[in-house]
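A.B. asks: Next comes the structure file final.cif, holding mmCIF, C-alpha atoms.
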data_structure
loop_
_atom_site.label_atom_id
_atom_site.label_comp_id
_atom_site.auth_asym_id
_atom_site.auth_seq_id
_atom_site.Cartn_x
_atom_site.Cartn_y
_atom_site.Cartn_z
CA MET A 1 45.85 122.10 91.25
CA SER A 2 44.10 119.17 92.87
CA PRO A 3 41.40 119.92 95.43
CA VAL A 4 42.74 119.82 98.98
CA SER A 5 40.50 119.28 102.01
CA VAL A 6 41.71 121.20 105.01
CA PRO A 7 40.57 121.40 108.62
CA GLY A 8 37.63 123.76 108.91
CA ASP A 9 35.19 121.98 106.63
CA TYR A 10 36.23 123.54 103.33
CA VAL A 11 38.07 122.50 100.18
CA ILE A 12 40.72 124.64 98.46
CA ARG A 13 40.77 124.28 94.67
CA SER A 14 41.07 126.09 91.36
CA ILE A 15 37.88 127.29 89.71
CA ARG A 16 36.38 125.65 86.63
CA ALA A 17 35.47 127.74 83.56
CA GLU A 18 31.77 126.88 83.81
CA GLU A 19 31.64 128.33 87.33
CA TRP A 20 31.59 131.90 86.02
CA PRO A 21 28.29 132.74 87.80
CA ALA A 22 29.95 131.94 91.15
CA VAL A 23 33.01 134.00 90.11
CA ARG A 24 30.68 136.93 89.47
CA GLU A 25 28.72 136.46 92.71
CA LEU A 26 31.81 136.34 94.93
CA ARG A 27 33.42 139.31 93.17
CA LEU A 28 30.28 141.39 93.62
CA ARG A 29 30.14 140.37 97.29
CA SER A 30 33.79 141.38 97.74
CA LEU A 31 33.07 144.80 96.25
CA GLN A 32 30.47 145.39 98.97
CA ASP A 33 33.01 144.91 101.77
CA PRO A 34 33.53 148.03 103.93
CA VAL A 35 37.19 148.30 102.81
CA ALA A 36 36.55 147.49 99.14
CA HIS A 37 37.53 151.05 98.20
CA LEU A 38 41.01 150.32 99.60
CA ALA A 39 41.31 146.76 98.32
CA PHE A 40 39.99 146.73 94.76
CA LEU A 41 40.46 148.85 91.66
CA GLU A 42 36.83 148.69 90.57
CA THR A 43 33.50 149.49 92.15
CA TYR A 44 30.48 147.29 92.70
CA GLU A 45 28.57 149.32 90.11
CA GLU A 46 31.27 148.84 87.46
CA ALA A 47 31.43 145.09 88.04
CA ALA A 48 27.65 144.64 88.19
CA GLU A 49 27.29 146.24 84.74
CA ARG A 50 29.70 143.80 83.06
CA PRO A 51 28.05 141.36 80.65
CA ASP A 52 28.02 137.60 81.17
CA SER A 53 30.65 137.26 78.42
CA PHE A 54 33.12 139.20 80.59
CA TRP A 55 32.63 136.81 83.51
CA GLN A 56 32.81 133.76 81.23
CA GLN A 57 36.11 134.96 79.77
CA ARG A 58 37.48 135.89 83.20
CA ALA A 59 36.68 132.44 84.61
CA ALA A 60 38.07 130.58 81.59
CA GLY A 61 41.33 132.54 81.74
CA ALA A 62 41.97 131.70 85.40
CA SER A 63 40.48 128.20 85.67
CA ALA A 64 42.15 124.86 86.36
CA GLY A 65 44.73 124.22 83.65
CA ALA A 66 45.21 127.88 82.68
CA LEU A 67 48.88 128.83 82.40
CA ASP A 68 48.88 132.59 82.96
CA ALA A 69 46.44 132.96 85.86
CA GLN A 70 44.75 130.84 88.47
CA GLN A 71 41.76 131.73 90.62
CA ILE A 72 41.71 129.63 93.76
CA ILE A 73 38.66 129.33 95.97
CA ALA A 74 37.67 127.78 99.26
CA ALA A 75 34.40 125.90 98.92
CA GLY A 76 32.51 125.23 102.11
CA PRO A 77 29.53 123.11 103.10
CA GLY A 78 27.06 122.80 100.24
CA GLY A 79 29.65 124.12 97.80
CA ARG A 80 29.29 127.78 98.88
CA TRP A 81 32.38 129.79 97.97
CA LEU A 82 33.87 131.23 101.14
CA GLY A 83 36.93 133.03 99.81
CA THR A 84 39.21 133.50 96.84
CA LEU A 85 42.44 134.85 95.50
CA THR A 86 43.96 134.92 92.02
CA VAL A 87 47.59 134.64 90.98
CA LEU A 88 48.59 136.29 87.69
CA MET A 89 51.92 135.38 86.10
CA GLU A 90 54.05 138.32 84.98
CA GLU A 91 56.95 137.83 82.58
CA ALA A 92 60.37 139.49 82.83
CA GLY A 93 60.79 142.25 80.26
CA THR A 94 57.11 143.25 80.23
CA THR A 95 55.33 146.04 82.08
CA ASP A 96 52.71 145.53 84.76
CA TRP A 97 49.22 147.05 85.08
CA ALA A 98 50.71 150.27 86.49
CA GLY A 99 53.23 150.62 83.66
CA LEU A 100 56.20 149.58 85.82
CA PRO A 101 58.82 147.21 84.38
CA VAL A 102 58.68 143.55 85.40
CA GLU A 103 62.26 142.48 86.12
CA ARG A 104 61.75 138.75 86.72
CA ARG A 105 59.16 136.02 86.25
CA GLN A 106 56.80 136.55 89.14
CA GLY A 107 53.34 135.82 90.41
CA HIS A 108 51.05 138.70 91.31
CA VAL A 109 48.32 138.00 93.88
CA VAL A 110 45.09 139.92 93.28
CA GLY A 111 41.43 139.76 94.27
CA VAL A 112 41.93 138.47 97.81
CA PHE A 113 38.60 138.14 99.61
CA VAL A 114 37.20 135.97 102.40
CA ARG A 115 33.62 136.26 103.60
CA PRO A 116 33.62 138.04 106.98
CA GLU A 117 32.28 135.06 108.93
CA TRP A 118 35.31 132.99 107.81
CA ARG A 119 38.01 135.55 108.58
CA GLY A 120 40.39 134.41 111.30
CA SER A 121 39.60 130.74 110.65
CA GLY A 122 42.82 129.90 108.81
CA LEU A 123 41.03 129.88 105.46
CA THR A 124 42.93 132.90 104.11
CA GLU A 125 46.26 131.31 104.98
CA ALA A 126 45.14 128.11 103.20
CA LEU A 127 44.23 130.13 100.10
CA PHE A 128 47.64 131.81 100.14
CA ALA A 129 49.41 128.47 100.56
CA ALA A 130 47.63 127.15 97.47
CA GLY A 131 48.27 130.33 95.49
CA LEU A 132 51.97 130.31 96.37
CA GLU A 133 52.24 126.64 95.45
CA TRP A 134 50.71 127.35 92.05
CA GLY A 135 52.99 130.35 91.42
CA TRP A 136 56.16 128.52 92.47
CA GLY A 137 55.07 125.59 90.30
CA ARG A 138 54.84 127.94 87.31
CA GLY A 139 58.44 129.06 87.83
CA ALA A 140 57.90 132.32 89.71
CA GLU A 141 61.07 133.74 91.22
CA ARG A 142 58.97 135.76 93.60
CA ILE A 143 55.33 136.45 94.37
CA ARG A 144 54.09 139.97 94.92
CA LEU A 145 50.94 141.87 95.71
CA ILE A 146 49.94 145.49 95.90
CA VAL A 147 48.21 146.84 99.00
CA HIS A 148 46.80 150.28 99.78
CA GLU A 149 48.89 152.20 102.28
CA ASP A 150 45.83 152.61 104.55
CA ASN A 151 44.70 148.97 104.47
CA GLY A 152 46.18 147.86 107.78
CA ARG A 153 44.00 144.75 108.04
CA ALA A 154 45.34 143.39 104.74
CA GLN A 155 48.92 144.37 105.58
CA ALA A 156 48.76 142.40 108.84
CA LEU A 157 47.55 139.33 106.97
CA TYR A 158 50.20 139.64 104.25
CA ARG A 159 52.93 139.92 106.86
CA LYS A 160 51.52 136.83 108.61
CA VAL A 161 51.77 134.75 105.40
CA GLY A 162 55.36 135.85 104.77
CA PHE A 163 55.20 138.95 102.58
CA ALA A 164 57.20 142.11 103.32
CA PRO A 165 57.21 145.62 101.83
CA SER A 166 59.66 145.98 98.93
CA GLY A 167 59.83 149.76 99.16
CA VAL A 168 58.13 150.24 95.78
CA LYS A 169 55.15 152.61 95.88
CA VAL A 170 52.52 152.82 93.15
CA PRO A 171 50.51 156.06 92.93
CA LEU A 172 46.76 155.48 92.62
CA ALA A 173 45.35 156.81 89.37
CA GLY A 174 42.83 159.54 90.04
CA ALA A 175 43.48 159.56 93.79
CA THR A 176 45.56 162.61 94.63
CA GLY A 177 48.30 161.78 97.10
CA GLU A 178 47.24 158.18 97.71
CA SER A 179 49.45 155.26 96.86
CA GLU A 180 49.71 151.53 97.17
CA MET A 181 52.73 149.54 98.27
CA GLU A 182 54.29 146.47 96.72
CA TRP A 183 54.82 143.57 99.11
CA VAL A 184 56.92 140.57 98.04
CA LEU A 185 57.84 137.06 98.97
CA ASP A 186 60.99 135.71 97.35
CA ARG A 187 61.37 132.05 96.62
#
Here is a file; write its structure as structure tokens.

C.D. replies:
Amino acid sequence: MSPVSVPGDYVIRSIRAEEWPAVRELRLRSLQDPVAHLAFLETYEEAAERPDSFWQQRAAGASAGALDAQQIIAAGPGGRWLGTLTVLMEEAGTTDWAGLPVERRQGHVVGVFVRPEWRGSGLTEALFAAGLEWGWGRGAERIRLIVHEDNGRAQALYRKVGFAPSGVKVPLAGATGESEMEWVLDR
């Protein structure tokens, strides 16, 4: 994906493999958000303990030119990363992270985070537009995401960018009675 300047003084682009320290920094920041426990499947402590090799591999696997995943960021003044999301490609006939069957080629949006001071600026919508463009360009028949049933803030955003609940619920491992919901956007 080519960098795209958008109103608001930021650039939307795919990450580069050598930017793994920034990948790590933004992920750790996202895990300190007040709703991180509803939005992410790992804790700050778990992520902070990961070695540099983990972050290097993670960045390389989702950088510009990667075929199976793409991490997209918004870079602001001075190059500071303001927000991110990642699209993972899932192939028909496989199973997803929760062990559910994947019925069609689809993109799966994960790791959505925008720094609080940039929320409501249109940046999140710009990140989604870029992520959807990448997924459709890779042949996705639909794009999906999973959202905690109690994460109303995220649900409102996902509805705003065109996603709707599919009716599929995914029980949270280790969280008695809690579940997440699949939201989809068909091509």

A.B. asks: Quick one: pull the distance between CA of Phe163 (chain A) and CA of Val184 (chain A), Å, one decimal.

C.D. replies: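 Spanning CA of Phe163 (chain A) to CA of Val184 (chain A) is a straight-line distance of 5.1 Å.
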
A.B. asks: Write out as a ChimeraX atom specification the residues lying within 12 Å of region 86-91 of chain A, counting all atoms listed in the file and excluding same-chain residues fewer than 6 positions away.

C.D. replies: /A:13-15,23,27,58-59,61-64,66-74,97,100-113,127-145

A.B. asks: Measuring between all atoms listed in the file, which one of A:Arg24, A:Arg80, A:His37, A:Arg50 shows the shortest distance to Asp9 (chain A)?

C.D. replies: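 Checking each of A:Arg24, A:Arg80, A:His37, A:Arg50 against Asp9 (chain A), counting all atoms listed in the file, the winner is A:Arg80.
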
A.B. asks: Can you pull out the residues contacting Leu41 (chain A)? Cut-off 10 Å, using all atoms listed in the file, and skip same-chain residues under 2 positions away; I want them as a PyMOL selection string.

C.D. replies: chain A and resi 31+36-39+43+111+172-173

A.B. asks: Which residues are near Ser179 (chain A)? Cut-off 8 Å, only C-alpha atoms, ignore same chain within fewer than 2 positions. Put them as a list in words.

C.D. replies: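 Final neighbour list, sorted by chain and number: His148, Glu149, Lys169, Val170, Pro171, Leu172, Ala175, Gly177 and Met181 of chain A.
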
A.B. asks: Quote the spacing between CA of Pro51 (chain A) and CA of Ser30 (chain A) in Å to one decimal place.

C.D. replies: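 Going from CA of Pro51 (chain A) over to CA of Ser30 (chain A) covers 18.0 Å.
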
A.B. asks: Suppose you want the space between CA of Glu19 (chain A) and CA of Ala60 (chain A); what is it in Å?

C.D. replies: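 Between CA of Glu19 (chain A) and CA of Ala60 (chain A) the gap works out to 8.9 Å.
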
A.B. asks: Model the absent atoms of region 41-58 of chain A so that N, CA, C and O atoms are present, and write the result as a PDB file, keeping the file's coordinate frame.

C.D. replies:
ATOM      1  N   LEU A  41      40.346 147.744  92.601  1.00  0.00           N
ATOM      2  CA  LEU A  41      40.460 148.850  91.660  1.00  0.00           C
ATOM      3  C   LEU A  41      39.190 149.089  90.852  1.00  0.00           C
ATOM      4  O   LEU A  41      39.213 149.841  89.885  1.00  0.00           O
ATOM      5  N   GLU A  42      38.094 148.440  91.229  1.00  0.00           N
ATOM      6  CA  GLU A  42      36.830 148.690  90.570  1.00  0.00           C
ATOM      7  C   GLU A  42      35.736 148.789  91.628  1.00  0.00           C
ATOM      8  O   GLU A  42      35.917 148.360  92.760  1.00  0.00           O
ATOM      9  N   THR A  43      34.627 149.341  91.225  1.00  0.00           N
ATOM     10  CA  THR A  43      33.500 149.490  92.150  1.00  0.00           C
ATOM     11  C   THR A  43      32.476 148.389  91.894  1.00  0.00           C
ATOM     12  O   THR A  43      32.473 147.740  90.842  1.00  0.00           O
ATOM     13  N   TYR A  44      31.583 148.228  92.850  1.00  0.00           N
ATOM     14  CA  TYR A  44      30.480 147.290  92.700  1.00  0.00           C
ATOM     15  C   TYR A  44      29.675 147.623  91.441  1.00  0.00           C
ATOM     16  O   TYR A  44      29.329 146.742  90.645  1.00  0.00           O
ATOM     17  N   GLU A  45      29.381 148.892  91.254  1.00  0.00           N
ATOM     18  CA  GLU A  45      28.570 149.320  90.110  1.00  0.00           C
ATOM     19  C   GLU A  45      29.241 148.964  88.788  1.00  0.00           C
ATOM     20  O   GLU A  45      28.571 148.488  87.856  1.00  0.00           O
ATOM     21  N   GLU A  46      30.548 149.197  88.690  1.00  0.00           N
ATOM     22  CA  GLU A  46      31.270 148.840  87.460  1.00  0.00           C
ATOM     23  C   GLU A  46      31.194 147.346  87.185  1.00  0.00           C
ATOM     24  O   GLU A  46      30.919 146.921  86.061  1.00  0.00           O
ATOM     25  N   ALA A  47      31.438 146.545  88.213  1.00  0.00           N
ATOM     26  CA  ALA A  47      31.430 145.090  88.040  1.00  0.00           C
ATOM     27  C   ALA A  47      30.039 144.572  87.737  1.00  0.00           C
ATOM     28  O   ALA A  47      29.872 143.664  86.913  1.00  0.00           O
ATOM     29  N   ALA A  48      29.034 145.111  88.384  1.00  0.00           N
ATOM     30  CA  ALA A  48      27.650 144.640  88.190  1.00  0.00           C
ATOM     31  C   ALA A  48      27.168 144.893  86.759  1.00  0.00           C
ATOM     32  O   ALA A  48      26.313 144.156  86.260  1.00  0.00           O
ATOM     33  N   GLU A  49      27.706 145.904  86.108  1.00  0.00           N
ATOM     34  CA  GLU A  49      27.290 146.240  84.740  1.00  0.00           C
ATOM     35  C   GLU A  49      27.964 145.363  83.680  1.00  0.00           C
ATOM     36  O   GLU A  49      27.548 145.379  82.525  1.00  0.00           O
ATOM     37  N   ARG A  50      28.982 144.607  84.057  1.00  0.00           N
ATOM     38  CA  ARG A  50      29.700 143.800  83.060  1.00  0.00           C
ATOM     39  C   ARG A  50      28.806 142.678  82.534  1.00  0.00           C
ATOM     40  O   ARG A  50      28.087 142.046  83.301  1.00  0.00           O
ATOM     41  N   PRO A  51      28.892 142.413  81.228  1.00  0.00           N
ATOM     42  CA  PRO A  51      28.050 141.360  80.650  1.00  0.00           C
ATOM     43  C   PRO A  51      28.535 139.962  81.042  1.00  0.00           C
ATOM     44  O   PRO A  51      29.683 139.781  81.465  1.00  0.00           O
ATOM     45  N   ASP A  52      27.661 138.991  80.872  1.00  0.00           N
ATOM     46  CA  ASP A  52      28.020 137.600  81.170  1.00  0.00           C
ATOM     47  C   ASP A  52      29.287 137.176  80.431  1.00  0.00           C
ATOM     48  O   ASP A  52      30.097 136.430  80.976  1.00  0.00           O
ATOM     49  N   SER A  53      29.469 137.648  79.213  1.00  0.00           N
ATOM     50  CA  SER A  53      30.650 137.260  78.420  1.00  0.00           C
ATOM     51  C   SER A  53      31.946 137.660  79.129  1.00  0.00           C
ATOM     52  O   SER A  53      32.947 136.947  79.044  1.00  0.00           O
ATOM     53  N   PHE A  54      31.942 138.786  79.833  1.00  0.00           N
ATOM     54  CA  PHE A  54      33.120 139.200  80.590  1.00  0.00           C
ATOM     55  C   PHE A  54      33.449 138.171  81.664  1.00  0.00           C
ATOM     56  O   PHE A  54      34.596 137.750  81.823  1.00  0.00           O
ATOM     57  N   TRP A  55      32.435 137.751  82.418  1.00  0.00           N
ATOM     58  CA  TRP A  55      32.630 136.810  83.510  1.00  0.00           C
ATOM     59  C   TRP A  55      33.022 135.432  82.975  1.00  0.00           C
ATOM     60  O   TRP A  55      33.845 134.736  83.576  1.00  0.00           O
ATOM     61  N   GLN A  56      32.456 135.038  81.852  1.00  0.00           N
ATOM     62  CA  GLN A  56      32.810 133.760  81.230  1.00  0.00           C
ATOM     63  C   GLN A  56      34.286 133.760  80.824  1.00  0.00           C
ATOM     64  O   GLN A  56      35.016 132.802  81.085  1.00  0.00           O
ATOM     65  N   GLN A  57      34.718 134.843  80.207  1.00  0.00           N
ATOM     66  CA  GLN A  57      36.110 134.960  79.770  1.00  0.00           C
ATOM     67  C   GLN A  57      37.056 135.030  80.985  1.00  0.00           C
ATOM     68  O   GLN A  57      38.114 134.396  80.989  1.00  0.00           O
ATOM     69  N   ARG A  58      36.665 135.762  81.985  1.00  0.00           N
ATOM     70  CA  ARG A  58      37.480 135.890  83.200  1.00  0.00           C
ATOM     71  C   ARG A  58      37.668 134.524  83.862  1.00  0.00           C
ATOM     72  O   ARG A  58      38.790 134.160  84.249  1.00  0.00           O
TER      73      ARG A  58
END
